[in-house]
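Here's model-v4.pdb, which has PDB, C-alpha atoms, pLDDT in the B column:
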MODEL        1
ATOM      1  CA  MET A   1     -15.511   9.698   7.718  1.00 47.00           C
ATOM      2  CA  LYS A   2     -16.824   8.750   4.304  1.00 48.00           C
ATOM      3  CA  SER A   3     -18.644   5.407   4.304  1.00 48.00           C
ATOM      4  CA  ILE A   4     -17.100   2.530   2.377  1.00 49.00           C
ATOM      5  CA  SER A   5     -19.872   2.503  -0.219  1.00 52.00           C
ATOM      6  CA  ASP A   6     -19.155   6.167  -1.093  1.00 67.00           C
ATOM      7  CA  ILE A   7     -15.487   5.577  -1.917  1.00 77.00           C
ATOM      8  CA  PRO A   8     -14.885   4.583  -5.550  1.00 82.00           C
ATOM      9  CA  PRO A   9     -13.414   1.079  -5.724  1.00 84.00           C
ATOM     10  CA  SER A  10      -9.779   0.823  -6.747  1.00 90.00           C
ATOM     11  CA  ALA A  11      -8.623  -1.367  -9.635  1.00 91.00           C
ATOM     12  CA  PHE A  12      -5.235  -1.838  -7.943  1.00 93.00           C
ATOM     13  CA  THR A  13      -5.086  -5.641  -8.008  1.00 91.00           C
ATOM     14  CA  GLU A  14      -6.275  -5.933 -11.601  1.00 90.00           C
ATOM     15  CA  VAL A  15      -3.699  -3.359 -12.756  1.00 93.00           C
ATOM     16  CA  PHE A  16      -0.981  -4.932 -10.582  1.00 94.00           C
ATOM     17  CA  LEU A  17      -1.572  -8.309 -12.214  1.00 91.00           C
ATOM     18  CA  SER A  18      -1.552  -6.826 -15.699  1.00 92.00           C
ATOM     19  CA  LEU A  19       1.621  -4.783 -15.221  1.00 94.00           C
ATOM     20  CA  ASN A  20       3.481  -7.789 -13.817  1.00 93.00           C
ATOM     21  CA  ARG A  21       1.849 -10.488 -15.972  1.00 88.00           C
ATOM     22  CA  LEU A  22       0.885 -12.479 -12.895  1.00 83.00           C
ATOM     23  CA  SER A  23      -2.536 -13.598 -14.062  1.00 70.00           C
ATOM     24  CA  GLY A  24      -1.244 -15.917 -16.775  1.00 61.00           C
ATOM     25  CA  GLU A  25       0.647 -19.100 -16.019  1.00 60.00           C
ATOM     26  CA  ASP A  26       0.920 -18.201 -12.335  1.00 64.00           C
ATOM     27  CA  GLY A  27      -2.889 -18.324 -12.083  1.00 80.00           C
ATOM     28  CA  PHE A  28      -3.143 -15.633  -9.395  1.00 86.00           C
ATOM     29  CA  ALA A  29      -6.148 -16.470  -7.193  1.00 87.00           C
ATOM     30  CA  ALA A  30      -5.895 -14.193  -4.142  1.00 87.00           C
ATOM     31  CA  TRP A  31      -3.577 -12.225  -1.921  1.00 90.00           C
ATOM     32  CA  HIS A  32      -2.378 -14.203   1.069  1.00 91.00           C
ATOM     33  CA  PHE A  33      -2.195 -12.263   4.344  1.00 91.00           C
ATOM     34  CA  LYS A  34      -0.430 -13.772   7.330  1.00 92.00           C
ATOM     35  CA  LYS A  35      -1.500 -12.581  10.759  1.00 92.00           C
ATOM     36  CA  GLY A  36       0.073  -9.198  11.362  1.00 94.00           C
ATOM     37  CA  MET A  37      -0.075  -8.018   7.746  1.00 94.00           C
ATOM     38  CA  GLN A  38      -3.420  -6.252   7.862  1.00 93.00           C
ATOM     39  CA  PHE A  39      -4.576  -2.893   9.184  1.00 94.00           C
ATOM     40  CA  GLY A  40      -4.697  -2.485  12.960  1.00 94.00           C
ATOM     41  CA  GLU A  41      -3.056  -5.826  13.733  1.00 95.00           C
ATOM     42  CA  THR A  42      -0.450  -5.830  16.478  1.00 95.00           C
ATOM     43  CA  GLU A  43       1.599  -8.926  15.623  1.00 94.00           C
ATOM     44  CA  LYS A  44       4.812  -9.116  13.617  1.00 92.00           C
ATOM     45  CA  TRP A  45       4.532 -11.437  10.614  1.00 93.00           C
ATOM     46  CA  TRP A  46       8.303 -11.654  10.055  1.00 88.00           C
ATOM     47  CA  GLU A  47      11.134 -13.259  12.012  1.00 80.00           C
ATOM     48  CA  ASP A  48       9.841 -15.155  15.046  1.00 78.00           C
ATOM     49  CA  GLY A  49       6.729 -13.055  15.560  1.00 77.00           C
ATOM     50  CA  GLY A  50       6.122 -11.045  18.686  1.00 88.00           C
ATOM     51  CA  ASN A  51       4.365  -7.699  18.852  1.00 91.00           C
ATOM     52  CA  ARG A  52       4.754  -4.524  16.853  1.00 89.00           C
ATOM     53  CA  THR A  53       5.545  -1.311  18.697  1.00 87.00           C
ATOM     54  CA  HIS A  54       2.145   0.054  17.559  1.00 89.00           C
ATOM     55  CA  PRO A  55      -0.845  -1.308  15.568  1.00 93.00           C
ATOM     56  CA  HIS A  56      -0.169  -1.703  11.861  1.00 94.00           C
ATOM     57  CA  GLU A  57      -1.106   1.469  10.004  1.00 94.00           C
ATOM     58  CA  GLY A  58      -1.606  -0.218   6.635  1.00 95.00           C
ATOM     59  CA  VAL A  59      -1.491  -3.501   4.741  1.00 95.00           C
ATOM     60  CA  ASP A  60       1.583  -5.500   3.682  1.00 96.00           C
ATOM     61  CA  PHE A  61       1.502  -7.285   0.311  1.00 95.00           C
ATOM     62  CA  CYS A  62       4.085 -10.045   0.096  1.00 95.00           C
ATOM     63  CA  PHE A  63       2.381 -13.363  -0.734  1.00 93.00           C
ATOM     64  CA  TYR A  64      -0.295 -14.605  -3.094  1.00 91.00           C
ATOM     65  CA  MET A  65      -1.961 -17.922  -3.837  1.00 89.00           C
ATOM     66  CA  THR A  66      -2.153 -19.459  -7.295  1.00 89.00           C
ATOM     67  CA  ASP A  67      -5.139 -21.268  -8.736  1.00 85.00           C
ATOM     68  CA  GLN A  68      -3.256 -24.479  -7.887  1.00 86.00           C
ATOM     69  CA  GLY A  69      -3.105 -23.563  -4.185  1.00 87.00           C
ATOM     70  CA  ILE A  70       0.608 -22.726  -4.205  1.00 89.00           C
ATOM     71  CA  ARG A  71       1.810 -19.764  -2.160  1.00 91.00           C
ATOM     72  CA  LYS A  72       4.256 -17.475  -3.935  1.00 92.00           C
ATOM     73  CA  SER A  73       6.168 -14.367  -2.884  1.00 92.00           C
ATOM     74  CA  LEU A  74       6.504 -11.040  -4.632  1.00 93.00           C
ATOM     75  CA  ALA A  75      10.050 -10.496  -5.843  1.00 91.00           C
ATOM     76  CA  PRO A  76      12.019  -7.247  -5.702  1.00 94.00           C
ATOM     77  CA  GLY A  77      11.492  -5.304  -8.908  1.00 95.00           C
ATOM     78  CA  ILE A  78       7.761  -6.052  -9.177  1.00 96.00           C
ATOM     79  CA  PHE A  79       5.974  -2.939 -10.463  1.00 98.00           C
ATOM     80  CA  VAL A  80       3.546  -0.996  -8.264  1.00 98.00           C
ATOM     81  CA  PRO A  81       0.552   1.010  -9.573  1.00 97.00           C
ATOM     82  CA  PRO A  82      -1.298   3.658  -7.534  1.00 97.00           C
ATOM     83  CA  LEU A  83      -4.748   3.078  -6.051  1.00 96.00           C
ATOM     84  CA  TYR A  84      -6.229   5.958  -8.080  1.00 96.00           C
ATOM     85  CA  ASP A  85      -5.223   8.805 -10.361  1.00 97.00           C
ATOM     86  CA  GLY A  86      -3.425  11.414  -8.312  1.00 97.00           C
ATOM     87  CA  LYS A  87      -0.480  13.702  -7.729  1.00 98.00           C
ATOM     88  CA  VAL A  88       2.834  12.974  -6.024  1.00 98.00           C
ATOM     89  CA  VAL A  89       3.169  14.988  -2.816  1.00 97.00           C
ATOM     90  CA  SER A  90       6.537  13.697  -1.639  1.00 97.00           C
ATOM     91  CA  VAL A  91       9.002  10.810  -1.624  1.00 97.00           C
ATOM     92  CA  PHE A  92      10.935   9.967   1.543  1.00 95.00           C
ATOM     93  CA  ASP A  93      13.073   7.181   3.046  1.00 93.00           C
ATOM     94  CA  ASP A  94      11.752   4.225   5.038  1.00 91.00           C
ATOM     95  CA  LEU A  95      13.280   1.087   6.588  1.00 84.00           C
ATOM     96  CA  ILE A  96      13.648  -0.923   3.375  1.00 87.00           C
ATOM     97  CA  GLY A  97      13.393   1.532   0.494  1.00 91.00           C
ATOM     98  CA  ARG A  98      11.436   4.719  -0.015  1.00 96.00           C
ATOM     99  CA  THR A  99       7.812   5.794   0.496  1.00 97.00           C
ATOM    100  CA  ILE A 100       5.656   7.647  -2.046  1.00 98.00           C
ATOM    101  CA  LEU A 101       2.816   9.881  -0.803  1.00 98.00           C
ATOM    102  CA  LEU A 102      -0.005  10.580  -3.291  1.00 98.00           C
ATOM    103  CA  GLN A 103      -2.945  12.991  -3.173  1.00 97.00           C
ATOM    104  CA  HIS A 104      -6.174  11.788  -4.783  1.00 96.00           C
ATOM    105  CA  GLY A 105      -8.816  14.514  -4.885  1.00 92.00           C
ATOM    106  CA  ILE A 106     -11.369  12.280  -3.133  1.00 92.00           C
ATOM    107  CA  PHE A 107     -13.107  14.018  -0.213  1.00 91.00           C
ATOM    108  CA  ASP A 108     -15.399  12.972   2.618  1.00 86.00           C
ATOM    109  CA  GLU A 109     -18.324  14.901   4.071  1.00 84.00           C
ATOM    110  CA  ASN A 110     -15.945  16.707   6.451  1.00 86.00           C
ATOM    111  CA  ASN A 111     -13.810  17.894   3.515  1.00 89.00           C
ATOM    112  CA  LEU A 112     -10.945  15.569   4.444  1.00 92.00           C
ATOM    113  CA  GLN A 113      -8.980  14.421   1.416  1.00 94.00           C
ATOM    114  CA  LEU A 114      -7.774  10.889   0.697  1.00 95.00           C
ATOM    115  CA  TYR A 115      -4.029  10.246   0.390  1.00 96.00           C
ATOM    116  CA  SER A 116      -2.193   6.966  -0.119  1.00 97.00           C
ATOM    117  CA  LEU A 117       1.301   5.814   0.829  1.00 98.00           C
ATOM    118  CA  TYR A 118       3.415   3.118  -0.859  1.00 98.00           C
ATOM    119  CA  GLY A 119       6.269   1.969   1.339  1.00 96.00           C
ATOM    120  CA  HIS A 120       9.397  -0.144   0.813  1.00 95.00           C
ATOM    121  CA  VAL A 121       9.649   0.742  -2.881  1.00 97.00           C
ATOM    122  CA  ASP A 122      12.111   2.150  -5.410  1.00 97.00           C
ATOM    123  CA  PRO A 123      10.279   5.056  -7.102  1.00 98.00           C
ATOM    124  CA  LEU A 124      10.556   5.267 -10.874  1.00 97.00           C
ATOM    125  CA  PRO A 125      12.581   8.231 -12.224  1.00 96.00           C
ATOM    126  CA  HIS A 126       9.561  10.371 -13.107  1.00 94.00           C
ATOM    127  CA  ILE A 127       8.048  10.118  -9.597  1.00 97.00           C
ATOM    128  CA  ALA A 128       8.768  13.399  -7.806  1.00 94.00           C
ATOM    129  CA  GLY A 129       6.745  16.095  -6.079  1.00 92.00           C
ATOM    130  CA  GLY A 130       4.037  17.498  -8.344  1.00 94.00           C
ATOM    131  CA  ALA A 131       4.063  14.645 -10.864  1.00 96.00           C
ATOM    132  CA  GLU A 132       0.640  13.474 -12.069  1.00 97.00           C
ATOM    133  CA  VAL A 133       0.022   9.706 -12.002  1.00 98.00           C
ATOM    134  CA  LYS A 134      -2.637   7.459 -13.520  1.00 97.00           C
ATOM    135  CA  TYR A 135      -4.124   4.415 -11.788  1.00 96.00           C
ATOM    136  CA  SER A 136      -3.147   2.277 -14.791  1.00 96.00           C
ATOM    137  CA  GLY A 137       0.534   3.247 -14.700  1.00 97.00           C
ATOM    138  CA  LYS A 138       3.678   2.343 -12.759  1.00 98.00           C
ATOM    139  CA  ILE A 139       4.969   4.481  -9.923  1.00 98.00           C
ATOM    140  CA  ALA A 140       7.620   2.233  -8.370  1.00 98.00           C
ATOM    141  CA  ALA A 141       9.121  -1.214  -8.002  1.00 98.00           C
ATOM    142  CA  ILE A 142       9.290  -3.246  -4.797  1.00 97.00           C
ATOM    143  CA  ALA A 143      12.665  -2.613  -3.159  1.00 94.00           C
ATOM    144  CA  ASP A 144      15.188  -5.344  -2.420  1.00 91.00           C
ATOM    145  CA  ARG A 145      15.331  -5.625   1.368  1.00 83.00           C
ATOM    146  CA  ALA A 146      18.545  -7.661   1.095  1.00 78.00           C
ATOM    147  CA  LEU A 147      20.349  -4.468   0.143  1.00 72.00           C
ATOM    148  CA  LYS A 148      19.286  -2.957   3.473  1.00 69.00           C
ATOM    149  CA  LYS A 149      19.931  -6.170   5.426  1.00 69.00           C
ATOM    150  CA  ARG A 150      16.487  -5.993   7.025  1.00 69.00           C
ATOM    151  CA  PRO A 151      15.118  -9.152   8.725  1.00 73.00           C
ATOM    152  CA  MET A 152      11.872  -9.216   6.705  1.00 82.00           C
ATOM    153  CA  PRO A 153      11.062 -10.274   3.128  1.00 88.00           C
ATOM    154  CA  SER A 154      10.731  -7.666   0.413  1.00 91.00           C
ATOM    155  CA  HIS A 155       7.124  -6.489   0.294  1.00 94.00           C
ATOM    156  CA  LEU A 156       4.842  -3.570  -0.491  1.00 97.00           C
ATOM    157  CA  HIS A 157       3.228  -1.567   2.300  1.00 97.00           C
ATOM    158  CA  ILE A 158       0.139   0.516   1.476  1.00 97.00           C
ATOM    159  CA  SER A 159      -1.542   2.974   3.840  1.00 96.00           C
ATOM    160  CA  THR A 160      -4.525   5.244   3.243  1.00 95.00           C
ATOM    161  CA  ILE A 161      -4.981   8.429   5.235  1.00 94.00           C
ATOM    162  CA  TRP A 162      -7.438  11.329   5.360  1.00 94.00           C
ATOM    163  CA  LEU A 163      -6.084  14.857   5.889  1.00 94.00           C
ATOM    164  CA  SER A 164      -7.664  18.286   6.230  1.00 91.00           C
ATOM    165  CA  GLU A 165      -7.038  21.009   3.668  1.00 87.00           C
ATOM    166  CA  GLY A 166      -4.820  22.925   6.079  1.00 89.00           C
ATOM    167  CA  PHE A 167      -2.583  19.995   7.042  1.00 93.00           C
ATOM    168  CA  PRO A 168       1.090  20.556   6.021  1.00 94.00           C
ATOM    169  CA  VAL A 169       1.080  17.395   3.949  1.00 93.00           C
ATOM    170  CA  GLU A 170       4.594  17.902   2.552  1.00 91.00           C
ATOM    171  CA  SER A 171       5.887  17.402   6.095  1.00 90.00           C
ATOM    172  CA  PHE A 172       4.201  14.019   6.569  1.00 91.00           C
ATOM    173  CA  HIS A 173       6.541  11.192   7.605  1.00 89.00           C
ATOM    174  CA  TRP A 174       6.323   7.789   9.272  1.00 89.00           C
ATOM    175  CA  GLY A 175       5.906   8.207  13.000  1.00 84.00           C
ATOM    176  CA  MET A 176       2.831  10.431  12.750  1.00 86.00           C
ATOM    177  CA  GLU A 177       0.445   7.570  13.558  1.00 80.00           C
ATOM    178  CA  ASN A 178      -0.624   9.244  16.807  1.00 82.00           C
ATOM    179  CA  ASN A 179      -1.093  12.708  15.307  1.00 88.00           C
ATOM    180  CA  PRO A 180      -4.774  13.616  15.958  1.00 88.00           C
ATOM    181  CA  ASP A 181      -4.976  15.371  12.568  1.00 91.00           C
ATOM    182  CA  VAL A 182      -3.951  12.240  10.629  1.00 92.00           C
ATOM    183  CA  PHE A 183      -6.746   9.712  10.114  1.00 93.00           C
ATOM    184  CA  PHE A 184      -5.492   6.306   8.982  1.00 93.00           C
ATOM    185  CA  SER A 185      -8.058   3.972   7.405  1.00 92.00           C
ATOM    186  CA  ASP A 186      -7.969   0.363   6.207  1.00 92.00           C
ATOM    187  CA  PRO A 187      -6.704   0.231   2.589  1.00 92.00           C
ATOM    188  CA  LEU A 188      -8.706  -2.944   2.030  1.00 88.00           C
ATOM    189  CA  HIS A 189     -11.880  -0.849   2.299  1.00 85.00           C
ATOM    190  CA  VAL A 190     -11.096   0.724  -1.064  1.00 81.00           C
ATOM    191  CA  LEU A 191      -9.358  -2.296  -2.552  1.00 81.00           C
ATOM    192  CA  TYR A 192     -11.932  -4.966  -1.821  1.00 70.00           C
ATOM    193  CA  GLN A 193     -15.393  -3.590  -1.320  1.00 55.00           C
ATOM    194  CA  ASP A 194     -16.729  -6.888  -2.658  1.00 49.00           C
ATOM    195  CA  ASN A 195     -14.004  -8.957  -0.904  1.00 54.00           C
ATOM    196  CA  ARG A 196     -12.412 -10.094  -4.157  1.00 54.00           C
ATOM    197  CA  TRP A 197      -8.751 -11.148  -4.184  1.00 58.00           C
ATOM    198  CA  LYS A 198      -8.615 -11.307  -0.370  1.00 60.00           C
ATOM    199  CA  LEU A 199      -7.471 -14.409   1.495  1.00 59.00           C
ATOM    200  CA  SER A 200      -6.451 -14.368   5.160  1.00 58.00           C
ATOM    201  CA  LEU A 201      -4.840 -17.396   6.766  1.00 53.00           C
TER     202      LEU A 201
ENDMDL
END
Once you've parsed the file, please lay out its structure as structure tokens.
Amino acid sequence: MKSISDIPPSAFTEVFLSLNRLSGEDGFAAWHFKKGMQFGETEKWWEDGGNRTHPHEGVDFCFYMTDQGIRKSLAPGIFVPPLYDGKVVSVFDDLIGRTILLQHGIFDENNLQLYSLYGHVDPLPHIAGGAEVKYSGKIAAIADRALKKRPMPSHLHISTIWLSEGFPVESFHWGMENNPDVFFSDPLHVLYQDNRWKLSL
């Protein structure tokens, strides 16, 4: 698998703050991750805790800290940018909203290509299979979990995966975590190579 230093860093957080005007009076300082929100963790961070049915295959973005040390939550309707320029492969349902799968044209030494998934969102009208997206644009808004009566707060889930050229990517869906041809990786490796914006408590 490609080493972290070989993957171009993503400007996701900077674009996210700009699109949603969160870096002004809110004084965004860092994302706040409760235990269970990060890649590979086995705990639930919602309800009364307990264990997930399988290790977390991505990262959940729900809370952030302000410069004043106040924890705030992301509200439904907050805009979501992609990690990189790319192309929409598919859009499919998940527990809270919908998931967008993007292809990025970034390859490792084994010719596996990087894809990213954005879960629990409401895709914008132009987001459909084949659509080109720019890292500086909007692809979705965070879905309102209250409409689905789910027991967790509204939040954004991001996963990054590496797939071979021959993988039938249009058929990808949640539940393929144990597929030996699907290689999940930690999204924070491309988001925070220098550890900026990251706060775990």
message = Translate the PyMOL selection byres ((chain A and resi 153-155) around 8) into a concrete residue list for this structure, as a ChimeraX atom specification.
response = /A:46,60-62,74-76,96,120,142-146,150-152,156-157
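Distance check against Thr13 (chain A) using only C-alpha atoms: of A:Phe79, A:Glu47, A:Asp94, A:Glu132, the minimum falls on A:Phe79.
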Using all atoms listed in the file, what table do you get, as a Markdown table, when you list each residue of region 15-89 of chain A with an atom no more than 10 Å from region 159-165 of chain A, its nearest pair of atoms, and their distance in Å rounded to one decimal, rows by chain then rising number?
| residue | atom | partner | partner_atom | distance |
| --- | --- | --- | --- | --- |
| A:Phe39 | CA | A:Ser159 | CA | 8.5 |
| A:His56 | CA | A:Ser159 | CA | 9.4 |
| A:Glu57 | CA | A:Ser159 | CA | 6.4 |
| A:Gly58 | CA | A:Ser159 | CA | 4.2 |
| A:Val59 | CA | A:Ser159 | CA | 6.5 |
| A:Asp60 | CA | A:Ser159 | CA | 9.0 |
| A:Leu83 | CA | A:Thr160 | CA | 9.5 |
Okay, now the selection with C-alpha atoms, as a tab-separated table (two decimals), in the coordinates of the input?
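Result saved to result17.tsv:
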chain	number	residue	atom	x	y	z
A	39	PHE	CA	-4.58	-2.89	9.18
A	56	HIS	CA	-0.17	-1.70	11.86
A	57	GLU	CA	-1.11	1.47	10.00
A	58	GLY	CA	-1.61	-0.22	6.64
A	59	VAL	CA	-1.49	-3.50	4.74
A	60	ASP	CA	1.58	-5.50	3.68
A	83	LEU	CA	-4.75	3.08	-6.05
For region 113-131 of chain A, I'd like the enclosing box, axis-aligned and padded by 3 Å on every side, reported as AutoDock Vina command-line options with centre and edge lengths in Å to one decimal.
--center_x 1.8 --center_y 8.7 --center_z -5.8 --size_x 27.6 --size_y 23.6 --size_z 20.5
Picked residues, the PyMOL selection byres ((chain A and resi 123) around 8), expected as an mmCIF file with C-alpha atoms, in the frame of the given file:
data_model
loop_
_atom_site.group_PDB
_atom_site.id
_atom_site.type_symbol
_atom_site.label_atom_id
_atom_site.label_comp_id
_atom_site.auth_asym_id
_atom_site.auth_seq_id
_atom_site.Cartn_x
_atom_site.Cartn_y
_atom_site.Cartn_z
ATOM 1 C CA ARG A 98 11.436 4.719 -0.015
ATOM 2 C CA ILE A 100 5.656 7.647 -2.046
ATOM 3 C CA VAL A 121 9.649 0.742 -2.881
ATOM 4 C CA ASP A 122 12.111 2.150 -5.410
ATOM 5 C CA LEU A 124 10.556 5.267 -10.874
ATOM 6 C CA PRO A 125 12.581 8.231 -12.224
ATOM 7 C CA ILE A 127 8.048 10.118 -9.597
ATOM 8 C CA ILE A 139 4.969 4.481 -9.923
ATOM 9 C CA ALA A 140 7.620 2.233 -8.370
ATOM 10 C CA ALA A 141 9.121 -1.214 -8.002
#
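If you apply the PyMOL selection byres ((chain A and resi 188) around 10) to this structure, you end up with Pro9, Ser10, Gln38, Phe39, Gly58, Val59, Ile158, Ser159, Thr160, Ser185, Asp186, Pro187, His189, Val190, Leu191, Tyr192, Gln193, Asn195 and Lys198 of chain A.
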I need the chosen residues saved as a compact mmCIF listing (two decimals), in the frame of the given file, with C-alpha atoms.
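File written: selection_18.txt
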# COMPACT_ATOMS: atom_id res chain seq x y z
CA PRO A 9 -13.41 1.08 -5.72
CA SER A 10 -9.78 0.82 -6.75
CA GLN A 38 -3.42 -6.25 7.86
CA PHE A 39 -4.58 -2.89 9.18
CA GLY A 58 -1.61 -0.22 6.64
CA VAL A 59 -1.49 -3.50 4.74
CA ILE A 158 0.14 0.52 1.48
CA SER A 159 -1.54 2.97 3.84
CA THR A 160 -4.53 5.24 3.24
CA SER A 185 -8.06 3.97 7.40
CA ASP A 186 -7.97 0.36 6.21
CA PRO A 187 -6.70 0.23 2.59
CA HIS A 189 -11.88 -0.85 2.30
CA VAL A 190 -11.10 0.72 -1.06
CA LEU A 191 -9.36 -2.30 -2.55
CA TYR A 192 -11.93 -4.97 -1.82
CA GLN A 193 -15.39 -3.59 -1.32
CA ASN A 195 -14.00 -8.96 -0.90
CA LYS A 198 -8.62 -11.31 -0.37
Write out as a short mmCIF file (atom, residue, chain, number, x, y, z; two decimals) with C-alpha atoms, keeping the file's coordinate frame which residues come within 10 Å of region 18-35 of chain A when counting all atoms listed in the file, dropping same-chain ones fewer than 3 positions away.
data_model
loop_
_atom_site.label_atom_id
_atom_site.label_comp_id
_atom_site.auth_asym_id
_atom_site.auth_seq_id
_atom_site.Cartn_x
_atom_site.Cartn_y
_atom_site.Cartn_z
CA PHE A 12 -5.24 -1.84 -7.94
CA THR A 13 -5.09 -5.64 -8.01
CA GLU A 14 -6.28 -5.93 -11.60
CA VAL A 15 -3.70 -3.36 -12.76
CA GLN A 38 -3.42 -6.25 7.86
CA GLU A 41 -3.06 -5.83 13.73
CA THR A 42 -0.45 -5.83 16.48
CA GLU A 43 1.60 -8.93 15.62
CA LYS A 44 4.81 -9.12 13.62
CA TRP A 45 4.53 -11.44 10.61
CA TRP A 46 8.30 -11.65 10.06
CA GLY A 49 6.73 -13.06 15.56
CA VAL A 59 -1.49 -3.50 4.74
CA ASP A 60 1.58 -5.50 3.68
CA PHE A 61 1.50 -7.28 0.31
CA CYS A 62 4.08 -10.04 0.10
CA PHE A 63 2.38 -13.36 -0.73
CA TYR A 64 -0.30 -14.60 -3.09
CA MET A 65 -1.96 -17.92 -3.84
CA THR A 66 -2.15 -19.46 -7.30
CA ASP A 67 -5.14 -21.27 -8.74
CA GLN A 68 -3.26 -24.48 -7.89
CA GLY A 69 -3.10 -23.56 -4.18
CA ILE A 70 0.61 -22.73 -4.20
CA ARG A 71 1.81 -19.76 -2.16
CA LYS A 72 4.26 -17.48 -3.94
CA SER A 73 6.17 -14.37 -2.88
CA GLY A 77 11.49 -5.30 -8.91
CA ILE A 78 7.76 -6.05 -9.18
CA PHE A 79 5.97 -2.94 -10.46
CA VAL A 80 3.55 -1.00 -8.26
CA PRO A 81 0.55 1.01 -9.57
CA SER A 136 -3.15 2.28 -14.79
CA GLY A 137 0.53 3.25 -14.70
CA LYS A 138 3.68 2.34 -12.76
CA ARG A 196 -12.41 -10.09 -4.16
CA TRP A 197 -8.75 -11.15 -4.18
CA LYS A 198 -8.62 -11.31 -0.37
CA LEU A 199 -7.47 -14.41 1.50
CA SER A 200 -6.45 -14.37 5.16
CA LEU A 201 -4.84 -17.40 6.77
#
Atomic distance CA of Val91 (chain A) - CA of Lys134 (chain A), expressed in Å with one decimal =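 Going from CA of Val91 (chain A) over to CA of Lys134 (chain A), I get 17.0 Å.
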request  = Kindly extract all protein, DNA and RNA residues lying within 8 Å of the coordinates (-11.1, 14.6, 4.1) given in the file, considering only C-alpha atoms, and supply them as a list of chain:residue names.
outcome  =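 Result, sorted by chain then residue number: A:Met1, A:Ile106, A:Phe107, A:Asp108, A:Glu109, A:Asn110, A:Asn111, A:Leu112, A:Gln113, A:Leu114, A:Trp162, A:Leu163, A:Ser164, A:Glu165.
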Incomplete region 77-90 of chain A brought to N, CA and C atoms, written out as a CSV table (one decimal), in the frame of the given file:
chain,number,residue,atom,x,y,z
A,77,GLY,N,11.6,-5.7,-7.5
A,77,GLY,CA,11.5,-5.3,-8.9
A,77,GLY,C,10.1,-5.4,-9.5
A,78,ILE,N,9.2,-6.0,-8.7
A,78,ILE,CA,7.8,-6.1,-9.2
A,78,ILE,C,7.2,-4.6,-9.2
A,79,PHE,N,6.5,-4.3,-10.3
A,79,PHE,CA,6.0,-2.9,-10.5
A,79,PHE,C,4.8,-2.7,-9.6
A,80,VAL,N,4.6,-1.4,-9.2
A,80,VAL,CA,3.5,-1.0,-8.3
A,80,VAL,C,2.7,0.1,-9.0
A,81,PRO,N,1.4,-0.1,-9.1
A,81,PRO,CA,0.6,1.0,-9.6
A,81,PRO,C,-0.1,1.8,-8.4
A,82,PRO,N,-0.6,3.0,-8.6
A,82,PRO,CA,-1.3,3.7,-7.5
A,82,PRO,C,-2.7,3.2,-7.4
A,83,LEU,N,-3.4,3.5,-6.3
A,83,LEU,CA,-4.7,3.1,-6.1
A,83,LEU,C,-5.7,3.8,-7.0
A,84,TYR,N,-5.4,5.1,-7.2
A,84,TYR,CA,-6.2,6.0,-8.1
A,84,TYR,C,-5.3,6.9,-8.8
A,85,ASP,N,-5.9,7.7,-9.8
A,85,ASP,CA,-5.2,8.8,-10.4
A,85,ASP,C,-4.9,9.8,-9.2
A,86,GLY,N,-3.8,10.5,-9.4
A,86,GLY,CA,-3.4,11.4,-8.3
A,86,GLY,C,-2.2,12.2,-8.6
A,87,LYS,N,-1.7,12.9,-7.6
A,87,LYS,CA,-0.5,13.7,-7.7
A,87,LYS,C,0.5,13.3,-6.6
A,88,VAL,N,1.8,13.3,-7.0
A,88,VAL,CA,2.8,13.0,-6.0
A,88,VAL,C,3.0,14.2,-5.1
A,89,VAL,N,2.9,13.9,-3.8
A,89,VAL,CA,3.2,15.0,-2.8
A,89,VAL,C,4.6,15.0,-2.4
A,90,SER,N,5.1,13.8,-2.1
A,90,SER,CA,6.5,13.7,-1.6
A,90,SER,C,7.0,12.3,-1.7
